[in-house]
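Structure first, commentary second.
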Amino acid sequence: MSGKSLFDKVWDDHVVVPETQDTPAVFYIDLHIIHEVTTPVAFNLLRENKLTVRRPDLVLATMDHSTPTVKISDLDAGLDAVSDPEPAAQIRAMVKNCKDFGIKLHGFESDQRGIVHVIGPEIGATQPGKTIVCGDSHSSTHGAFGAMGFGIGTTEVFHVLSTQCLLQRKPKSMAVNISGELQPGVSAKDIILALIGKIGVDGGTGHVIEYRGETIRQLTMEERMTICNMTIEAGARAGMIAPDNITFEFLKDRQQSPHGDEWDSAVKRWSSLCSDPDAIFDKEIDLDVSNLEPQVTFGTNPGMVVPITQHVPSDIDDASFRKAINYMQLDADQPMIGTKVDVVFVGSCTNSRISDLRTVANILEGKSVASDLRMLIVPGSQAIKDKAESEGLDKIFLEAGAEWREAGCSMCLGMNSDKLGKGQLCVSTSNRNFEGRQGPGGRTVLASPQTAAASAIAGVIADPRSYI
Amino acid sequence: MEKITQFTSTTIVLAIDDVDTDQIVPARFLTATTREGIGKSLFADWRYDSKGNELSDFPLNDPNASKRKILVAGRNFGCGSSREHAPWALHDFGIRAVISSEIADIFRNNSLKNGLLPIVVDSDTHQWLLDNPGVEIIVDVEAKMIQLPDSKKITFPIEPFARHCIINGIDQTGFLQQNIDSITAFETNRSWQP
Ligand code: SF4
């Protein structure tokens, strides 16, 4: 019998009732992260079915998607002054639902509020070996810790709230082996964009990916999170990385991390969470990143991506490609560098952590944002905001002419007040360049924080390697 | 949940690959706290002009579309966000089956819980359906097959438990509830606690 993969080990550890030919497995969830957008119908289903929340202690609740990114004085008039009525109602419903069902909410008053996938790791709730779900597809982020994180729909949010379990069939597995040392100015974001470009936005469908190899071992936890975050953009169920000392170092002394003797036994258990040498994967892919360039998208999904020094492809001719570049107002064979930029957005659960902000500050320091360009810098959490301000990063941003805003999803998706105008082109550190994702008619170019900062100064898409 | 065993309908064709859930229901419509009337926001940015008038060349605006229960879509339909609003909106519009050569995982899971059948067929059948909008198809969930106008039968894969729930009109929650004792035992006996 062959050995077990990391994913096999985490899977097996959570099967309550095994799957049969007729029925899926009853699968246990260790951490359920919830936010205001995908939960209201689930809470109403609890009410209609006269059910309670089984394990409020395993729920981490916050508000991030429809929240304004300016300070509000209170949840009444203060919120109404900066928010449209519907998102405001959704925010108030979240407060009420959490109160009614005994769930602690990290709301506006909390210094731990932030984007769901940013605060889980930050407070140490995300840990190796856990199963972590959220009504949000970027739950794959948590896999960076050797957890199994995946996005679920609202009916499943209801299932987890009421039973702490889901009905699941075991997905297939895929190993992505990454080798080579990154060149200066090239980042984890470029690795994952290049991978999606290589395997396509459906390359991972039905699979759980494990990222392995020497390159992965050298990445920080924040870089690993960026990679796992965008796993869903390759269609995969989840992305995982075996925990190591870098993981343990990150988690030590965080609020919800184990302490004292419990820490030692947890590290012992976590250390066994790696794929056995003879583990078998359904698929394997190799990626050498030694010569990788910064990547930028040219189309309307994350797989439509090229190295920044290259042109919009001229050798593809299908309806989807034509529709995409037509929407993007780009021409086949047009160089990416030099394309006019209206807005730069630094933020989202992909790239809004303190290291991302430091990277951007390093490039912006002493320079200014191009005169007719709007740059928004939005920290992923309140804690990151505080940390950045304690390091004086906010001053660098403001002096360069960028906006420094309150934590939230902001312009990653057009749900709150931060939206692109029709036709505006945005270089964005977020994860989706779908049509209208950042606002109706808005055009998104996905890139790393380095490329975003360089482009903000240049006013056009610019190669960050000339700015470091 | 409504029972679905078999139905016949003509098709609507949306010949675009990688249609993501941000197109199926754009984010600004996710602010609602109920799912009532969500069919109106289905494909809002492709279906209406900026004044809210229907664009006549969009397939869902065909005068017959509202009576059609089958959407034939390009490869990798439903990728992107986990929003269940996507199957809710398709269902509210009247769609009961999406046929493609590939359907994204989360969308597929969400659909099966909402009486919307994700049907994956081989690429030749898929291409034929894309090339022939408006043909009449029989969808037979019990037999796990669709029947084309020339009587050719094509089987499709469907998770057995989801199929059982759909043909009997039951939701999946009951099965989880029946296993509450096992869940409690699991929580008590596991070697570590989250
Ligand atoms: S930042 Fe964007 S991708 Fe991440 S949780 Fe928020 S909306 Fe989703």
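Letters A, B, ... go to the chains of the structure tokens in the order shown; residues in each chain start at 1; ligands are counted from 1 in the same order.
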>> Around ligand 1, out to 6 Å and counting only C-alpha atoms and all ligand atoms, which residues are there? I want them as a ChimeraX atom specification.
In response: /A:65,115,138,348-349,409,412-413
Determine which residues of chain B sit within 6 Å of chain A, taking into account only C-alpha atoms, and present them as a PDB file with all heavy atoms, in the first residue's frame.
```
ATOM      1  N   ILE B  16     -20.067  30.753 -24.218  1.00  0.00           N
ATOM      2  CA  ILE B  16     -18.887  31.446 -23.688  1.00  0.00           C
ATOM      3  C   ILE B  16     -18.232  30.508 -22.679  1.00  0.00           C
ATOM      4  O   ILE B  16     -18.923  29.916 -21.849  1.00  0.00           O
ATOM      5  CB  ILE B  16     -19.305  32.762 -23.005  1.00  0.00           C
ATOM      6  CG1 ILE B  16     -20.015  33.676 -24.015  1.00  0.00           C
ATOM      7  CG2 ILE B  16     -18.109  33.470 -22.380  1.00  0.00           C
ATOM      8  CD1 ILE B  16     -20.694  34.865 -23.393  1.00  0.00           C
ATOM      9  N   ALA B  27     -21.574  41.257  -7.998  1.00  0.00           N
ATOM     10  CA  ALA B  27     -21.424  41.436  -6.553  1.00  0.00           C
ATOM     11  C   ALA B  27     -22.404  42.425  -5.939  1.00  0.00           C
ATOM     12  O   ALA B  27     -22.871  42.238  -4.823  1.00  0.00           O
ATOM     13  CB  ALA B  27     -19.991  41.864  -6.248  1.00  0.00           C
ATOM     14  N   ARG B  28     -22.745  43.484  -6.691  1.00  0.00           N
ATOM     15  CA  ARG B  28     -23.594  44.497  -6.053  1.00  0.00           C
ATOM     16  C   ARG B  28     -24.986  43.978  -5.727  1.00  0.00           C
ATOM     17  O   ARG B  28     -25.714  44.593  -4.966  1.00  0.00           O
ATOM     18  CB  ARG B  28     -23.669  45.746  -6.932  1.00  0.00           C
ATOM     19  CG  ARG B  28     -24.284  45.527  -8.290  1.00  0.00           C
ATOM     20  CD  ARG B  28     -24.151  46.785  -9.155  1.00  0.00           C
ATOM     21  NE  ARG B  28     -24.787  46.631 -10.444  1.00  0.00           N
ATOM     22  CZ  ARG B  28     -24.268  45.960 -11.469  1.00  0.00           C
ATOM     23  NH1 ARG B  28     -23.086  45.389 -11.344  1.00  0.00           N
ATOM     24  NH2 ARG B  28     -24.915  45.862 -12.606  1.00  0.00           N
ATOM     25  N   THR B  31     -25.987  42.078  -1.801  1.00  0.00           N
ATOM     26  CA  THR B  31     -26.245  42.771  -0.540  1.00  0.00           C
ATOM     27  C   THR B  31     -27.607  42.410   0.041  1.00  0.00           C
ATOM     28  O   THR B  31     -27.903  42.765   1.177  1.00  0.00           O
ATOM     29  CB  THR B  31     -26.171  44.293  -0.734  1.00  0.00           C
ATOM     30  OG1 THR B  31     -27.046  44.623  -1.815  1.00  0.00           O
ATOM     31  CG2 THR B  31     -24.765  44.741  -1.056  1.00  0.00           C
ATOM     32  N   THR B  33     -30.541  40.282   1.841  1.00  0.00           N
ATOM     33  CA  THR B  33     -30.469  39.311   2.928  1.00  0.00           C
ATOM     34  C   THR B  33     -31.474  38.166   2.727  1.00  0.00           C
ATOM     35  O   THR B  33     -31.635  37.324   3.581  1.00  0.00           O
ATOM     36  CB  THR B  33     -30.711  39.993   4.289  1.00  0.00           C
ATOM     37  OG1 THR B  33     -31.884  40.798   4.181  1.00  0.00           O
ATOM     38  CG2 THR B  33     -29.549  40.870   4.674  1.00  0.00           C
ATOM     39  N   THR B  34     -32.170  38.173   1.586  1.00  0.00           N
ATOM     40  CA  THR B  34     -33.050  37.049   1.247  1.00  0.00           C
ATOM     41  C   THR B  34     -32.778  36.666  -0.208  1.00  0.00           C
ATOM     42  O   THR B  34     -32.068  37.377  -0.911  1.00  0.00           O
ATOM     43  CB  THR B  34     -34.541  37.421   1.343  1.00  0.00           C
ATOM     44  OG1 THR B  34     -34.817  38.390   0.324  1.00  0.00           O
ATOM     45  CG2 THR B  34     -34.890  38.001   2.706  1.00  0.00           C
ATOM     46  N   SER B  81     -16.265  32.717  -7.537  1.00  0.00           N
ATOM     47  CA  SER B  81     -16.806  32.869  -6.181  1.00  0.00           C
ATOM     48  C   SER B  81     -17.790  31.767  -5.801  1.00  0.00           C
ATOM     49  O   SER B  81     -18.475  31.193  -6.652  1.00  0.00           O
ATOM     50  CB  SER B  81     -17.480  34.239  -6.104  1.00  0.00           C
ATOM     51  OG  SER B  81     -18.621  34.227  -5.296  1.00  0.00           O
ATOM     52  N   SER B  82     -17.886  31.500  -4.485  1.00  0.00           N
ATOM     53  CA  SER B  82     -18.751  30.429  -3.975  1.00  0.00           C
ATOM     54  C   SER B  82     -20.202  30.859  -3.822  1.00  0.00           C
ATOM     55  O   SER B  82     -21.012  30.102  -3.319  1.00  0.00           O
ATOM     56  CB  SER B  82     -18.217  29.965  -2.619  1.00  0.00           C
ATOM     57  OG  SER B  82     -18.277  31.032  -1.688  1.00  0.00           O
ATOM     58  N   ARG B  83     -20.544  32.064  -4.238  1.00  0.00           N
ATOM     59  CA  ARG B  83     -21.890  32.595  -3.996  1.00  0.00           C
ATOM     60  C   ARG B  83     -22.993  31.645  -4.470  1.00  0.00           C
ATOM     61  O   ARG B  83     -23.067  31.295  -5.644  1.00  0.00           O
ATOM     62  CB  ARG B  83     -22.024  33.982  -4.653  1.00  0.00           C
ATOM     63  CG  ARG B  83     -21.835  33.980  -6.136  1.00  0.00           C
ATOM     64  CD  ARG B  83     -21.699  35.394  -6.704  1.00  0.00           C
ATOM     65  NE  ARG B  83     -20.443  36.014  -6.244  1.00  0.00           N
ATOM     66  CZ  ARG B  83     -19.955  37.143  -6.730  1.00  0.00           C
ATOM     67  NH1 ARG B  83     -20.602  37.810  -7.661  1.00  0.00           N
ATOM     68  NH2 ARG B  83     -18.821  37.631  -6.272  1.00  0.00           N
ATOM     69  N   GLU B  84     -23.853  31.259  -3.555  1.00  0.00           N
ATOM     70  CA  GLU B  84     -24.970  30.371  -3.908  1.00  0.00           C
ATOM     71  C   GLU B  84     -26.052  31.164  -4.643  1.00  0.00           C
ATOM     72  O   GLU B  84     -26.989  30.594  -5.203  1.00  0.00           O
ATOM     73  CB  GLU B  84     -25.528  29.709  -2.639  1.00  0.00           C
ATOM     74  CG  GLU B  84     -26.338  28.456  -2.902  1.00  0.00           C
ATOM     75  CD  GLU B  84     -26.429  27.543  -1.683  1.00  0.00           C
ATOM     76  OE1 GLU B  84     -25.410  27.363  -0.986  1.00  0.00           O
ATOM     77  OE2 GLU B  84     -27.521  27.021  -1.417  1.00  0.00           O
ATOM     78  N   ASN B 110     -23.308  23.633  -5.036  1.00  0.00           N
ATOM     79  CA  ASN B 110     -24.408  24.533  -4.671  1.00  0.00           C
ATOM     80  C   ASN B 110     -25.652  24.226  -5.502  1.00  0.00           C
ATOM     81  O   ASN B 110     -26.775  24.267  -4.993  1.00  0.00           O
ATOM     82  CB  ASN B 110     -23.992  25.993  -4.883  1.00  0.00           C
ATOM     83  CG  ASN B 110     -23.010  26.475  -3.827  1.00  0.00           C
ATOM     84  OD1 ASN B 110     -22.907  25.895  -2.752  1.00  0.00           O
ATOM     85  ND2 ASN B 110     -22.293  27.546  -4.130  1.00  0.00           N
ATOM     86  N   PRO B 160     -24.564   9.991  -6.400  1.00  0.00           N
ATOM     87  CA  PRO B 160     -25.781   9.206  -6.139  1.00  0.00           C
ATOM     88  C   PRO B 160     -26.686   9.809  -5.052  1.00  0.00           C
ATOM     89  O   PRO B 160     -27.901   9.786  -5.182  1.00  0.00           O
ATOM     90  CB  PRO B 160     -25.239   7.842  -5.678  1.00  0.00           C
ATOM     91  CG  PRO B 160     -23.825   7.793  -6.115  1.00  0.00           C
ATOM     92  CD  PRO B 160     -23.337   9.188  -6.270  1.00  0.00           C
ATOM     93  N   PHE B 161     -26.078  10.343  -4.001  1.00  0.00           N
ATOM     94  CA  PHE B 161     -26.910  10.860  -2.919  1.00  0.00           C
ATOM     95  C   PHE B 161     -27.649  12.132  -3.363  1.00  0.00           C
ATOM     96  O   PHE B 161     -28.842  12.317  -3.066  1.00  0.00           O
ATOM     97  CB  PHE B 161     -26.053  11.146  -1.680  1.00  0.00           C
ATOM     98  CG  PHE B 161     -26.847  11.645  -0.514  1.00  0.00           C
ATOM     99  CD1 PHE B 161     -27.754  10.811   0.137  1.00  0.00           C
ATOM    100  CD2 PHE B 161     -26.712  12.957  -0.073  1.00  0.00           C
ATOM    101  CE1 PHE B 161     -28.511  11.280   1.205  1.00  0.00           C
ATOM    102  CE2 PHE B 161     -27.461  13.432   0.997  1.00  0.00           C
ATOM    103  CZ  PHE B 161     -28.361  12.589   1.638  1.00  0.00           C
ATOM    104  N   PRO B 194     -10.103  20.974  18.497  1.00  0.00           N
ATOM    105  CA  PRO B 194      -9.803  22.214  17.790  1.00  0.00           C
ATOM    106  C   PRO B 194     -10.020  23.450  18.687  1.00  0.00           C
ATOM    107  O   PRO B 194     -10.816  23.389  19.586  1.00  0.00           O
ATOM    108  CB  PRO B 194     -10.765  22.221  16.622  1.00  0.00           C
ATOM    109  CG  PRO B 194     -11.899  21.351  17.026  1.00  0.00           C
ATOM    110  CD  PRO B 194     -11.333  20.331  17.973  1.00  0.00           C
TER     111      PRO B 194
END
```
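If you look at CA of Ser187 in chain A and CA of Val369 in chain A, they are 21.8 Å away from each other.
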>> So that I can see what lies close to range 165-167 of chain B, please list as a ChimeraX atom specification the residues with an atom at most 12 Å from it, counting only C-alpha atoms and leaving out residues fewer than 5 positions away in the same chain.
In response: /A:22-23 /B:1-7,96,111-118,140-144,158-160,172-175
Output the selection as a PDB file, in the first residue's frame - C-alpha atoms for each residue.
```
ATOM      1  CA  ASP A  22     -24.797   5.733  -2.011  1.00  0.00           C
ATOM      2  CA  THR A  23     -23.858   8.411   0.497  1.00  0.00           C
TER       3      THR A  23
ATOM      4  CA  MET B   1     -37.662  21.060  -2.497  1.00  0.00           C
ATOM      5  CA  GLU B   2     -39.403  20.247  -5.746  1.00  0.00           C
ATOM      6  CA  LYS B   3     -39.038  16.684  -7.036  1.00  0.00           C
ATOM      7  CA  ILE B   4     -37.346  16.379 -10.408  1.00  0.00           C
ATOM      8  CA  THR B   5     -37.368  13.020 -12.142  1.00  0.00           C
ATOM      9  CA  GLN B   6     -37.688  13.836 -15.811  1.00  0.00           C
ATOM     10  CA  PHE B   7     -38.498  16.877 -17.930  1.00  0.00           C
ATOM     11  CA  ARG B  96     -33.438  23.450 -14.058  1.00  0.00           C
ATOM     12  CA  SER B 111     -26.595  23.681  -7.664  1.00  0.00           C
ATOM     13  CA  LEU B 112     -27.329  20.162  -6.489  1.00  0.00           C
ATOM     14  CA  LYS B 113     -28.682  21.575  -3.224  1.00  0.00           C
ATOM     15  CA  ASN B 114     -31.083  23.859  -5.058  1.00  0.00           C
ATOM     16  CA  GLY B 115     -32.830  21.694  -7.628  1.00  0.00           C
ATOM     17  CA  LEU B 116     -30.524  22.752 -10.457  1.00  0.00           C
ATOM     18  CA  LEU B 117     -28.856  19.903 -12.338  1.00  0.00           C
ATOM     19  CA  PRO B 118     -25.215  20.327 -13.381  1.00  0.00           C
ATOM     20  CA  ASP B 140     -34.004  11.997 -17.168  1.00  0.00           C
ATOM     21  CA  VAL B 141     -32.482  12.202 -13.680  1.00  0.00           C
ATOM     22  CA  GLU B 142     -33.546   8.695 -12.719  1.00  0.00           C
ATOM     23  CA  ALA B 143     -31.825   7.178 -15.741  1.00  0.00           C
ATOM     24  CA  LYS B 144     -28.919   9.683 -15.503  1.00  0.00           C
ATOM     25  CA  ILE B 158     -24.302  12.596 -10.889  1.00  0.00           C
ATOM     26  CA  GLU B 159     -23.375  11.996  -7.260  1.00  0.00           C
ATOM     27  CA  PRO B 160     -25.781   9.206  -6.139  1.00  0.00           C
ATOM     28  CA  GLN B 172     -29.603  17.011   2.348  1.00  0.00           C
ATOM     29  CA  THR B 173     -29.903  18.448   5.835  1.00  0.00           C
ATOM     30  CA  GLY B 174     -31.984  15.549   7.099  1.00  0.00           C
ATOM     31  CA  PHE B 175     -29.177  13.075   6.471  1.00  0.00           C
TER      32      PHE B 175
END
```
> Within 7 Å of range 58-67 of chain B, counting only C-alpha atoms, which residues qualify if same-chain residues fewer than 2 places away don't, as a list in words?
Replying inline: Ile12, Val13, Leu14, Arg47, Glu54, Leu55, Ser56, Lys69, Phe93 and Gly94 of chain B
For the residues in the current selection, export C-alpha atoms as a tab-separated table (two decimals), in the first residue's frame.
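Result written to part.tsv:
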```
chain	number	residue	atom	x	y	z
B	12	ILE	CA	-30.89	28.37	-24.31
B	13	VAL	CA	-27.28	28.54	-25.49
B	14	LEU	CA	-24.59	30.75	-23.96
B	47	ARG	CA	-28.55	41.15	-20.03
B	54	GLU	CA	-32.93	44.27	-22.06
B	55	LEU	CA	-30.30	43.77	-24.76
B	56	SER	CA	-32.07	41.88	-27.52
B	69	LYS	CA	-35.41	25.08	-18.53
B	93	PHE	CA	-35.30	32.44	-13.78
B	94	GLY	CA	-36.67	28.97	-14.51
```
>> Quick check, in Å to one decimal: how far apart do CA of Arg92 in chain A and CA of Ala77 in chain A lie?
In response: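 These atoms are spaced 12.1 Å apart.
For the set B:Val121, B:Ala89, B:Ile170, B:Ala32, the residue with the smallest atom-to-atom gap to Lys153 in chain B is B:Val121, counting only C-alpha atoms.
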>> Let's see if you can do this: from backbone DSSP, list all strand (DSSP E or B) residues in range 5-134 of chain A, as a PyMOL selection string.
In response: chain A and resi 15-17+25-28+31-34+59-62+105-106+114+131-134
Mind writing the picked residues with N, CA and C atoms as an mmCIF file, in the first residue's frame?
```
data_model
loop_
_atom_site.group_PDB
_atom_site.id
_atom_site.type_symbol
_atom_site.label_atom_id
_atom_site.label_comp_id
_atom_site.auth_asym_id
_atom_site.auth_seq_id
_atom_site.Cartn_x
_atom_site.Cartn_y
_atom_site.Cartn_z
ATOM 1 N N VAL A 15 -13.131 12.330 9.099
ATOM 2 C CA VAL A 15 -14.286 11.559 8.615
ATOM 3 C C VAL A 15 -15.082 11.050 9.817
ATOM 4 N N VAL A 16 -16.305 11.525 9.955
ATOM 5 C CA VAL A 16 -17.179 11.090 11.052
ATOM 6 C C VAL A 16 -17.880 9.797 10.643
ATOM 7 N N VAL A 17 -18.438 9.800 9.443
ATOM 8 C CA VAL A 17 -19.063 8.602 8.878
ATOM 9 C C VAL A 17 -18.483 8.447 7.470
ATOM 10 N N ALA A 25 -19.402 11.162 2.623
ATOM 11 C CA ALA A 25 -18.912 11.130 3.997
ATOM 12 C C ALA A 25 -19.536 12.267 4.803
ATOM 13 N N VAL A 26 -19.750 12.008 6.099
ATOM 14 C CA VAL A 26 -20.046 13.099 7.031
ATOM 15 C C VAL A 26 -18.672 13.572 7.501
ATOM 16 N N PHE A 27 -18.385 14.835 7.245
ATOM 17 C CA PHE A 27 -17.012 15.340 7.364
ATOM 18 C C PHE A 27 -16.984 16.491 8.372
ATOM 19 N N TYR A 28 -16.111 16.405 9.371
ATOM 20 C CA TYR A 28 -16.124 17.371 10.478
ATOM 21 C C TYR A 28 -15.317 18.639 10.163
ATOM 22 N N LEU A 31 -13.036 24.725 12.041
ATOM 23 C CA LEU A 31 -13.147 26.183 12.131
ATOM 24 C C LEU A 31 -14.060 26.674 11.015
ATOM 25 N N HIS A 32 -15.077 27.438 11.400
ATOM 26 C CA HIS A 32 -16.030 27.971 10.433
ATOM 27 C C HIS A 32 -15.954 29.492 10.501
ATOM 28 N N ILE A 33 -15.488 30.096 9.434
ATOM 29 C CA ILE A 33 -15.362 31.552 9.411
ATOM 30 C C ILE A 33 -16.572 32.113 8.667
ATOM 31 N N ILE A 34 -17.223 33.093 9.249
ATOM 32 C CA ILE A 34 -18.431 33.621 8.605
ATOM 33 C C ILE A 34 -18.350 35.138 8.439
ATOM 34 N N VAL A 59 -16.799 29.013 15.657
ATOM 35 C CA VAL A 59 -17.158 29.973 14.618
ATOM 36 C C VAL A 59 -16.344 31.248 14.823
ATOM 37 N N LEU A 60 -15.749 31.739 13.757
ATOM 38 C CA LEU A 60 -15.046 33.023 13.793
ATOM 39 C C LEU A 60 -15.821 33.969 12.882
ATOM 40 N N ALA A 61 -16.398 35.013 13.465
ATOM 41 C CA ALA A 61 -17.298 35.883 12.705
ATOM 42 C C ALA A 61 -16.718 37.277 12.556
ATOM 43 N N THR A 62 -16.821 37.817 11.353
ATOM 44 C CA THR A 62 -16.385 39.191 11.142
ATOM 45 C C THR A 62 -17.212 39.816 10.015
ATOM 46 N N LEU A 105 -18.764 38.232 17.615
ATOM 47 C CA LEU A 105 -18.526 38.901 16.328
ATOM 48 C C LEU A 105 -17.365 39.888 16.449
ATOM 49 N N HIS A 106 -16.416 39.782 15.518
ATOM 50 C CA HIS A 106 -15.353 40.792 15.448
ATOM 51 C C HIS A 106 -15.867 41.918 14.562
ATOM 52 N N GLY A 114 -11.350 42.256 10.248
ATOM 53 C CA GLY A 114 -10.583 42.296 9.005
ATOM 54 C C GLY A 114 -11.133 41.291 8.020
ATOM 55 N N THR A 131 -9.631 21.463 9.544
ATOM 56 C CA THR A 131 -10.496 21.694 8.396
ATOM 57 C C THR A 131 -11.163 23.045 8.609
ATOM 58 N N ILE A 132 -11.057 23.900 7.609
ATOM 59 C CA ILE A 132 -11.513 25.281 7.749
ATOM 60 C C ILE A 132 -12.396 25.631 6.560
ATOM 61 N N VAL A 133 -13.610 26.085 6.819
ATOM 62 C CA VAL A 133 -14.480 26.479 5.709
ATOM 63 C C VAL A 133 -15.026 27.884 5.947
ATOM 64 N N CYS A 134 -15.467 28.485 4.863
ATOM 65 C CA CYS A 134 -16.073 29.809 4.924
ATOM 66 C C CYS A 134 -16.919 29.935 3.658
#
```
> DSSP on the backbone: what in range 47-177 of chain B comes out helix (DSSP H, G or I), as a ChimeraX atom specification?
Replying inline: /B:47,59-61,65-67,85-93,105-112,123-131,160-168,173-177
Could you please take those selected residues and save C-alpha atoms as a JSON list (two decimals), in the first residue's frame?
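What follows is the written file part10.json:
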```json
[["chain", "number", "residue", "atom", "x", "y", "z"],
["B", 47, "ARG", "CA", -28.55, 41.15, -20.03],
["B", 59, "PRO", "CA", -29.71, 34.67, -25.35],
["B", 60, "LEU", "CA", -31.67, 34.95, -22.09],
["B", 61, "ASN", "CA", -33.65, 37.85, -23.56],
["B", 65, "ALA", "CA", -36.19, 31.97, -22.98],
["B", 66, "SER", "CA", -38.31, 32.29, -19.87],
["B", 67, "LYS", "CA", -40.09, 29.04, -20.78],
["B", 85, "HIS", "CA", -26.80, 33.35, -5.37],
["B", 86, "ALA", "CA", -25.67, 31.98, -8.77],
["B", 87, "PRO", "CA", -27.78, 28.78, -8.71],
["B", 88, "TRP", "CA", -30.56, 30.64, -6.85],
["B", 89, "ALA", "CA", -30.78, 33.17, -9.69],
["B", 90, "LEU", "CA", -30.69, 30.55, -12.45],
["B", 91, "HIS", "CA", -33.39, 28.55, -10.66],
["B", 92, "ASP", "CA", -35.52, 31.63, -10.06],
["B", 93, "PHE", "CA", -35.30, 32.44, -13.78],
["B", 105, "ASP", "CA", -16.80, 22.37, -8.26],
["B", 106, "ILE", "CA", -18.39, 24.82, -5.82],
["B", 107, "PHE", "CA", -21.08, 25.85, -8.30],
["B", 108, "ARG", "CA", -21.87, 22.18, -8.93],
["B", 109, "ASN", "CA", -22.22, 21.50, -5.19],
["B", 110, "ASN", "CA", -24.41, 24.53, -4.67],
["B", 111, "SER", "CA", -26.60, 23.68, -7.66],
["B", 112, "LEU", "CA", -27.33, 20.16, -6.49],
["B", 123, "SER", "CA", -17.10, 17.46, -25.87],
["B", 124, "ASP", "CA", -18.72, 16.27, -29.12],
["B", 125, "THR", "CA", -22.21, 16.33, -27.62],
["B", 126, "HIS", "CA", -21.39, 19.65, -26.01],
["B", 127, "GLN", "CA", -20.27, 21.18, -29.28],
["B", 128, "TRP", "CA", -23.38, 19.89, -31.06],
["B", 129, "LEU", "CA", -25.61, 21.45, -28.40],
["B", 130, "LEU", "CA", -23.73, 24.76, -28.63],
["B", 131, "ASP", "CA", -24.16, 24.74, -32.41],
["B", 160, "PRO", "CA", -25.78, 9.21, -6.14],
["B", 161, "PHE", "CA", -26.91, 10.86, -2.92],
["B", 162, "ALA", "CA", -27.60, 14.21, -4.60],
["B", 163, "ARG", "CA", -29.58, 12.35, -7.26],
["B", 164, "HIS", "CA", -31.56, 10.52, -4.59],
["B", 165, "CYS", "CA", -32.40, 13.86, -2.93],
["B", 166, "ILE", "CA", -33.42, 15.49, -6.22],
["B", 167, "ILE", "CA", -35.69, 12.70, -7.46],
["B", 168, "ASN", "CA", -37.37, 12.46, -4.06],
["B", 173, "THR", "CA", -29.90, 18.45, 5.84],
["B", 174, "GLY", "CA", -31.98, 15.55, 7.10],
["B", 175, "PHE", "CA", -29.18, 13.08, 6.47],
["B", 176, "LEU", "CA", -26.75, 15.15, 8.53],
["B", 177, "GLN", "CA", -29.32, 15.42, 11.32]]
```
